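What follows is the content of input-v5.tsv, which has TSV, C-alpha atoms:
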chain	number	residue	atom	x	y	z
A	210	MET	CA	0.00	0.00	0.00
A	211	LYS	CA	2.94	2.35	0.59
A	212	PHE	CA	3.44	2.37	-3.18
A	213	ILE	CA	-0.06	3.66	-3.98
A	214	LYS	CA	1.04	7.34	-4.05
A	215	PHE	CA	3.73	6.54	-6.61
A	216	LEU	CA	1.19	4.66	-8.70
A	217	LEU	CA	-1.17	7.65	-8.60
A	218	VAL	CA	1.63	10.05	-9.60
A	219	GLY	CA	2.44	7.75	-12.53
A	220	ILE	CA	-1.20	7.52	-13.63
A	221	PHE	CA	-1.54	11.31	-13.52
A	222	PHE	CA	1.73	11.69	-15.45
A	223	GLY	CA	0.55	9.21	-18.11
A	224	ILE	CA	-2.81	10.90	-18.60
A	225	VAL	CA	-1.25	14.38	-18.81
A	226	LEU	CA	1.36	13.27	-21.36
A	227	VAL	CA	-1.30	11.73	-23.61
A	228	LYS	CA	-3.83	14.54	-23.34
A	229	SER	CA	-1.15	17.23	-23.85
A	230	GLU	CA	0.02	15.23	-26.92
A	231	ALA	CA	3.59	15.26	-25.57
A	232	VAL	CA	3.79	11.55	-26.43
A	233	SER	CA	3.15	12.33	-30.10
A	234	TRP	CA	5.99	11.80	-32.58
A	235	TYR	CA	4.38	14.54	-34.68
A	236	ARG	CA	4.58	17.08	-31.84
A	237	ILE	CA	8.30	16.38	-31.29
A	238	TYR	CA	8.95	16.74	-35.02
A	239	GLU	CA	6.99	20.01	-35.08
A	240	MET	CA	8.95	21.26	-32.03
A	241	PHE	CA	12.32	20.64	-33.69
A	242	LYS	CA	11.03	22.39	-36.82
A	243	PHE	CA	10.09	25.41	-34.63
A	244	GLU	CA	6.65	25.36	-36.24
A	245	SER	CA	4.56	25.40	-33.08
A	246	PHE	CA	4.64	26.80	-29.56
A	247	HIS	CA	2.89	23.65	-28.28
A	248	MET	CA	5.82	21.65	-26.82
A	249	TYR	CA	7.66	24.79	-25.65
A	250	GLY	CA	4.50	25.75	-23.77
A	251	ILE	CA	4.34	22.36	-22.05
A	252	ILE	CA	8.02	22.18	-21.10
A	253	GLY	CA	8.18	25.89	-20.26
A	254	THR	CA	5.17	25.67	-17.94
A	255	ALA	CA	6.70	22.63	-16.22
A	256	VAL	CA	10.01	24.42	-15.68
A	257	VAL	CA	8.44	27.67	-14.38
A	258	LEU	CA	6.27	25.69	-11.96
A	259	GLY	CA	9.29	23.54	-11.06
A	260	VAL	CA	11.50	26.55	-10.29
A	261	LEU	CA	8.81	27.92	-7.96
A	262	ALA	CA	8.23	24.52	-6.32
A	263	VAL	CA	11.95	23.86	-5.75
A	264	ALA	CA	12.47	27.38	-4.36
A	265	LEU	CA	9.52	26.87	-2.01
A	266	MET	CA	10.81	23.45	-0.96
A	267	LYS	CA	14.21	24.91	-0.09
A	268	ARG	CA	12.85	27.95	1.71
A	269	THR	CA	10.37	26.02	3.87
A	270	LYS	CA	12.76	23.06	4.33
A	271	LEU	CA	9.92	20.80	3.23
A	272	LYS	CA	10.08	17.16	4.36
A	273	ASP	CA	9.51	14.19	2.08
A	274	PHE	CA	7.08	11.34	2.85
A	275	GLN	CA	9.64	9.68	5.11
A	276	GLY	CA	10.11	12.85	7.12
A	277	HIS	CA	13.57	13.65	5.70
A	278	GLU	CA	14.39	17.10	4.43
A	279	ILE	CA	14.26	17.08	0.61
A	280	ASP	CA	17.78	17.37	-0.72
A	281	MET	CA	18.41	17.90	-4.42
A	282	PRO	CA	22.15	17.35	-4.88
A	283	ASP	CA	23.94	19.55	-7.39
A	284	LYS	CA	24.98	17.81	-10.63
A	285	ASP	CA	28.70	17.15	-11.11
A	286	LYS	CA	30.41	20.02	-12.93
A	287	SER	CA	31.48	18.97	-16.40
A	288	PHE	CA	30.82	19.79	-20.04
A	289	THR	CA	31.65	16.78	-22.21
A	290	ARG	CA	29.27	14.20	-20.78
A	291	TYR	CA	26.31	16.60	-20.77
A	292	PHE	CA	26.89	17.98	-24.25
A	293	VAL	CA	27.94	14.77	-26.02
A	294	GLY	CA	25.53	12.51	-24.12
A	295	GLY	CA	22.78	15.07	-24.58
A	296	SER	CA	23.39	15.29	-28.33
A	297	ILE	CA	23.27	11.50	-28.70
A	298	PHE	CA	20.04	11.49	-26.71
A	299	GLY	CA	18.67	14.25	-28.95
A	300	LEU	CA	19.39	12.28	-32.12
A	301	GLY	CA	17.34	9.38	-30.73
A	302	TRP	CA	14.61	11.70	-29.46
A	303	GLY	CA	14.23	13.28	-32.90
A	304	LEU	CA	14.20	9.88	-34.63
A	305	ALA	CA	11.90	7.85	-32.36
A	306	GLY	CA	9.94	10.95	-31.30
A	307	ALA	CA	9.82	9.63	-27.76
A	308	CYS	CA	11.97	10.08	-24.67
A	309	PRO	CA	11.87	7.52	-21.82
A	310	GLY	CA	8.70	8.77	-20.05
A	311	PRO	CA	6.52	8.77	-23.18
A	312	MET	CA	7.90	5.34	-24.15
A	313	TYR	CA	6.24	3.75	-21.12
A	314	VAL	CA	3.06	5.79	-21.61
A	315	LEU	CA	2.83	4.80	-25.28
A	316	PHE	CA	3.01	1.14	-24.31
A	317	GLY	CA	-0.06	1.79	-22.17
A	318	THR	CA	-1.86	3.31	-25.14
A	319	GLY	CA	-1.48	-0.02	-26.93
A	320	VAL	CA	1.49	0.63	-29.22
A	321	TRP	CA	3.22	-2.76	-29.33
A	322	THR	CA	6.15	-1.64	-31.49
A	323	ILE	CA	7.29	0.74	-28.71
A	324	LEU	CA	8.48	-2.39	-26.87
A	325	ILE	CA	11.27	-2.63	-29.46
A	326	VAL	CA	12.25	0.98	-28.73
A	327	ILE	CA	12.20	0.33	-24.97
A	328	ALA	CA	14.26	-2.87	-25.35
A	329	ALA	CA	16.77	-0.96	-27.50
A	330	ALA	CA	16.91	1.81	-24.87
A	331	VAL	CA	17.70	-0.78	-22.20
A	332	LEU	CA	20.40	-2.17	-24.49
A	333	GLY	CA	21.80	1.34	-25.04
A	334	THR	CA	21.91	1.86	-21.27
A	335	PHE	CA	23.69	-1.49	-20.87
A	336	VAL	CA	26.28	-0.67	-23.54
A	337	TYR	CA	26.92	2.71	-21.86
A	338	GLY	CA	27.55	0.82	-18.61
A	339	LEU	CA	30.13	-1.37	-20.37
A	340	LEU	CA	31.91	1.59	-22.00
A	341	LYS	CA	31.52	4.07	-19.13
A	342	ASP	CA	35.14	4.02	-17.92
A	343	ARG	CA	36.50	4.46	-21.44
A	344	LEU	CA	34.32	7.46	-22.39
A	345	PRO	CA	35.28	11.10	-21.71
A	346	HIS	CA	33.05	12.61	-19.01
B	1327	MET	CA	12.39	8.36	-16.00
B	1328	SER	CA	15.52	7.09	-17.76
B	1329	SER	CA	17.09	5.77	-14.53
B	1330	ASN	CA	14.47	3.01	-14.69
B	1331	LEU	CA	16.33	1.69	-17.76
B	1332	ARG	CA	19.41	1.25	-15.57
B	1333	THR	CA	17.29	-0.45	-12.91
B	1334	LEU	CA	15.97	-2.86	-15.56
B	1335	CYS	CA	19.57	-3.66	-16.58
B	1336	SER	CA	20.36	-4.40	-12.95
B	1337	ILE	CA	17.30	-6.63	-12.47
B	1338	GLY	CA	18.23	-8.45	-15.67
B	1339	GLY	CA	21.62	-9.38	-14.20
B	1340	GLY	CA	23.72	-6.53	-15.66
B	1341	GLY	CA	25.75	-6.43	-12.44
B	1342	LYS	CA	27.54	-9.58	-13.59
B	1343	TYR	CA	29.08	-7.60	-16.45
B	1344	CYS	CA	29.96	-4.28	-14.87
B	1345	GLY	CA	29.82	-2.37	-11.61
B	1346	PHE	CA	27.54	0.32	-13.04
B	1347	PHE	CA	24.63	-2.11	-12.65
B	1348	ARG	CA	25.67	-3.39	-9.20
B	1349	PHE	CA	23.48	-1.36	-6.88
B	1350	ASP	CA	20.52	-1.95	-4.61
B	1351	TRP	CA	17.79	-1.84	-7.24
B	1352	LYS	CA	15.16	-2.65	-4.62
B	1353	ALA	CA	15.59	0.91	-3.34
B	1354	GLU	CA	14.46	2.07	-6.81
B	1355	ARG	CA	11.21	0.08	-6.80
B	1356	TRP	CA	9.15	3.21	-6.14
B	1357	ASN	CA	10.33	4.56	-9.52
B	1358	LEU	CA	9.23	1.39	-11.31
B	1359	VAL	CA	5.81	1.83	-9.68
B	1360	VAL	CA	5.65	5.32	-11.24
B	1361	VAL	CA	6.37	3.65	-14.60
B	1362	LEU	CA	3.58	1.14	-13.99
B	1363	GLY	CA	1.28	4.06	-13.22
B	1364	ALA	CA	2.36	5.86	-16.40
B	1365	ILE	CA	1.44	2.78	-18.43
B	1366	ILE	CA	-1.98	2.61	-16.72
B	1367	GLY	CA	-2.41	6.37	-17.25
B	1368	GLY	CA	-1.69	5.95	-20.96
B	1369	PHE	CA	-4.31	3.22	-21.16
B	1370	LEU	CA	-6.93	5.25	-19.27
B	1371	ALA	CA	-6.28	8.36	-21.39
B	1372	VAL	CA	-6.85	6.66	-24.75
B	1373	THR	CA	-9.63	4.34	-23.55
B	1374	TYR	CA	-11.82	6.68	-21.52
B	1375	LEU	CA	-10.59	10.23	-22.08
B	1376	SER	CA	-10.20	10.55	-25.86
B	1377	ASP	CA	-12.70	11.37	-28.59
B	1378	GLY	CA	-10.53	10.49	-31.58
B	1379	SER	CA	-9.93	14.11	-32.52
B	1380	VAL	CA	-7.05	14.92	-34.87
B	1381	ILE	CA	-3.85	16.55	-33.57
B	1382	ASP	CA	-3.96	20.21	-34.52
B	1383	LEU	CA	-0.52	20.44	-36.15
B	1384	ASN	CA	0.88	23.39	-38.06
B	1385	PRO	CA	-0.25	22.90	-41.70
B	1386	LYS	CA	3.36	23.52	-42.76
B	1387	THR	CA	4.50	20.55	-40.67
B	1388	VAL	CA	1.76	18.40	-42.20
B	1389	ALA	CA	2.71	19.48	-45.72
B	1390	THR	CA	6.39	18.65	-45.14
B	1391	LEU	CA	5.52	15.18	-43.85
B	1392	ASN	CA	3.11	14.62	-46.75
B	1393	GLY	CA	6.03	15.44	-49.03
B	1394	PHE	CA	7.98	12.58	-47.42
B	1395	GLY	CA	5.10	10.22	-48.26
B	1396	PHE	CA	3.42	10.29	-44.83
B	1397	SER	CA	-0.38	10.08	-44.95
B	1398	ASP	CA	-3.05	10.68	-42.27
B	1399	VAL	CA	-0.63	13.02	-40.49
B	1400	GLY	CA	-1.94	13.76	-37.00
B	1401	ALA	CA	-4.89	11.33	-37.21
B	1402	GLY	CA	-3.32	9.36	-34.37
B	1403	LEU	CA	-0.61	10.12	-31.80
B	1404	LEU	CA	2.03	8.34	-33.89
B	1405	PRO	CA	2.79	7.99	-37.60
B	1406	PRO	CA	1.70	4.53	-38.82
B	1407	GLU	CA	4.71	4.67	-41.20
B	1408	ILE	CA	6.98	4.29	-38.14
B	1409	TYR	CA	4.92	2.57	-35.45
B	1410	ASP	CA	2.33	0.26	-37.10
B	1411	LEU	CA	2.97	-3.46	-36.56
B	1412	GLY	CA	3.25	-3.79	-40.33
B	1413	VAL	CA	6.62	-1.98	-40.34
B	1414	LEU	CA	8.15	-5.09	-38.74
B	1415	SER	CA	7.88	-6.97	-42.03
B	1416	GLY	CA	10.93	-5.09	-43.36
B	1417	TRP	CA	14.39	-4.31	-41.97
B	1418	LYS	CA	13.94	-0.54	-42.24
B	1419	GLY	CA	11.19	-0.45	-39.63
B	1420	TRP	CA	13.27	-2.50	-37.19
B	1421	ALA	CA	16.37	-0.40	-37.89
B	1422	LEU	CA	14.59	2.89	-37.13
B	1423	LEU	CA	12.99	1.71	-33.88
B	1424	ILE	CA	16.17	0.03	-32.61
B	1425	THR	CA	18.45	2.95	-33.55
B	1426	GLY	CA	16.12	5.50	-31.96
B	1427	GLY	CA	15.75	3.55	-28.73
B	1428	PHE	CA	19.47	2.75	-28.49
B	1429	LEU	CA	20.50	6.40	-28.91
B	1430	VAL	CA	17.97	7.53	-26.30
B	1431	GLY	CA	19.09	4.90	-23.77
B	1432	PHE	CA	22.82	5.39	-24.36
B	1433	GLY	CA	22.61	9.19	-24.50
B	1434	ALA	CA	20.40	9.52	-21.43
B	1435	ARG	CA	22.82	7.57	-19.24
B	1436	TYR	CA	25.89	9.27	-20.72
B	1437	ALA	CA	24.30	12.67	-20.01
B	1438	GLY	CA	23.08	11.46	-16.62
B	1439	GLY	CA	19.41	12.16	-17.30
B	1440	CYS	CA	16.67	12.65	-19.86
B	1441	THR	CA	13.92	15.20	-20.44
B	1442	SER	CA	12.50	14.68	-16.95
B	1443	GLY	CA	15.85	14.64	-15.12
B	1444	HIS	CA	17.60	17.49	-16.90
B	1445	ALA	CA	15.05	19.61	-18.81
B	1446	ILE	CA	12.42	19.66	-16.06
B	1447	THR	CA	13.97	18.76	-12.69
B	1448	GLY	CA	17.51	19.96	-13.44
B	1449	LEU	CA	16.47	23.33	-14.89
B	1450	SER	CA	13.99	23.76	-12.02
B	1451	ASN	CA	16.93	23.37	-9.63
B	1452	LEU	CA	18.90	25.93	-11.71
B	1453	GLN	CA	21.63	23.44	-12.63
B	1454	VAL	CA	24.09	24.64	-15.31
B	1455	PRO	CA	25.01	21.03	-16.26
B	1456	SER	CA	21.32	20.40	-17.02
B	1457	LEU	CA	21.24	23.47	-19.26
B	1458	ILE	CA	24.25	22.07	-21.17
B	1459	ALA	CA	22.45	18.72	-21.47
B	1460	VAL	CA	19.26	20.39	-22.77
B	1461	ILE	CA	21.30	22.33	-25.35
B	1462	GLY	CA	22.77	18.95	-26.34
B	1463	PHE	CA	19.24	17.47	-26.63
B	1464	PHE	CA	18.43	20.22	-29.10
B	1465	VAL	CA	21.68	19.96	-31.06
B	1466	GLY	CA	20.96	16.23	-31.59
B	1467	GLY	CA	17.27	16.74	-32.25
B	1468	LEU	CA	17.84	19.55	-34.75
B	1469	ILE	CA	20.49	17.58	-36.66
B	1470	MET	CA	18.13	14.59	-36.83
B	1471	THR	CA	15.05	16.60	-37.82
B	1472	HIS	CA	16.63	19.00	-40.33
B	1473	PHE	CA	19.41	16.91	-41.90
B	1474	LEU	CA	18.79	13.20	-41.32
B	1475	LEU	CA	15.00	12.72	-41.29
B	1476	PRO	CA	14.64	14.23	-44.82
B	1477	LEU	CA	16.91	11.38	-45.96
B	1478	ILE	CA	15.34	8.67	-43.77
B	1479	LEU	CA	11.58	9.30	-43.88
B	1480	PRO	CA	11.09	9.05	-47.69
B	1481	GLN	CA	12.68	5.57	-47.52
B	1482	LEU	CA	9.96	4.17	-45.22

Would you write the structure of this file as structure tokens?
Amino acid sequence: MKFIKFLLVGIFFGIVLVKSEAVSWYRIYEMFKFESFHMYGIIGTAVVLGVLAVALMKRTKLKDFQGHEIDMPDKDKSFTRYFVGGSIFGLGWGLAGACPGPMYVLFGTGVWTILIVIAAAVLGTFVYGLLKDRLPH
Amino acid sequence: MSSNLRTLCSIGGGGKYCGFFRFDWKAERWNLVVVLGAIIGGFLAVTYLSDGSVIDLNPKTVATLNGFGFSDVGAGLLPPEIYDLGVLSGWKGWALLITGGFLVGFGARYAGGCTSGHAITGLSNLQVPSLIAVIGFFVGGLIMTHFLLPLILPQL
């Protein structure tokens, strides 16, 4: 039962991503063509709300569900891994039209072929794990 | 969202091959429950909360895709030319889906996060590394959309 809140967050996330059309390959294509405000509106709203929420969390020292103060650790300072890794991610995002969240949601909408994309994403993650120590970060 | 892919590698026995997958995945179960919820949410949204209306895309976008041989653009969430089961009868369909997924999985872990981790949570926490990652997302996405897709999509 302690997992029910996570399940509800996931359900809400899934419904919002479908109804906002953020899971649509077409919307991602249109975003990268700069031919619509749609996706920028979604991501921009999320970030503005997120900035306010994080600032509020820090100021009020908000506790999480276990009673611990919420701590968002700073990301390691670097350039290469974020830029190169990000660009590789972007190539896949533009091609498949789906990032990890929408992949799971699309499976729920009954798209069987997305399982191939998810399996390939797991494989990509695995290969990164194997090569990790040999890549510049 | 993408850290679940690492958790799946760990559950699948990835720890036998490298230390990156040797961690206490049971502590990440809550995140897999969010994924389960997202799948249920996707099902509920298309089953009970949709009226089959067409996606209101920019007519210019539709015209470009029509030019690549795509039909019924925006009639569903995804282009049948890429995601219908029928694409699995040829190697091109498999190649596109596998390449796309692989790049997303590899790139997300290399960059240490995806759209949710960097673009939304990272930017919300005012992290410069996340801004670099998001710029990277766009560099990759723009190269794919403007230079590679015009070569790939007409082949499907």

*Given only C-alpha atoms as the counted atoms, nearest of B:Phe1346, B:Trp1351, B:Phe1473, B:Phe1396 to chain A*: B:Phe1346

Taking 2 positions as the minimum chain separation for residues in the same chain, which residues sit within 7 Å of stretch 238-243 of chain A when counting all atoms listed in the file? Answer as a PDB file with C-alpha atoms, keeping the file's coordinate frame.
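Contents of the output file out_1.pdb:
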ATOM      1  CA  TRP A 234       5.990  11.800 -32.580  1.00  0.00           C
ATOM      2  CA  TYR A 235       4.380  14.540 -34.680  1.00  0.00           C
ATOM      3  CA  ARG A 236       4.580  17.080 -31.840  1.00  0.00           C
ATOM      4  CA  SER A 245       4.560  25.400 -33.080  1.00  0.00           C
ATOM      5  CA  MET A 248       5.820  21.650 -26.820  1.00  0.00           C
ATOM      6  CA  GLY A 303      14.230  13.280 -32.900  1.00  0.00           C
ATOM      7  CA  GLY A 306       9.940  10.950 -31.300  1.00  0.00           C
TER       8      GLY A 306
ATOM      9  CA  THR B1387       4.500  20.550 -40.670  1.00  0.00           C
ATOM     10  CA  GLY B1467      17.270  16.740 -32.250  1.00  0.00           C
ATOM     11  CA  LEU B1468      17.840  19.550 -34.750  1.00  0.00           C
ATOM     12  CA  THR B1471      15.050  16.600 -37.820  1.00  0.00           C
TER      13      THR B1471
END

*Would you kindly report the residues of chain A within 6 Å of chain B, using only C-alpha atoms, as a PyMOL selection string?*
chain A and resi 215-216+219-220+222-224+233-234+241+256+259-260+290-292+294-301+303-305+309-310+313-314+317-318+322+326+329-331+333-334+337-338

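Atom CA of A:Met312 is found 19.3 Å from atom CA of A:Val336.
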
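Atom CA of B:Ala1401 to atom CA of B:Ser1379 spans 7.4 Å [interatomic distance, one decimal].
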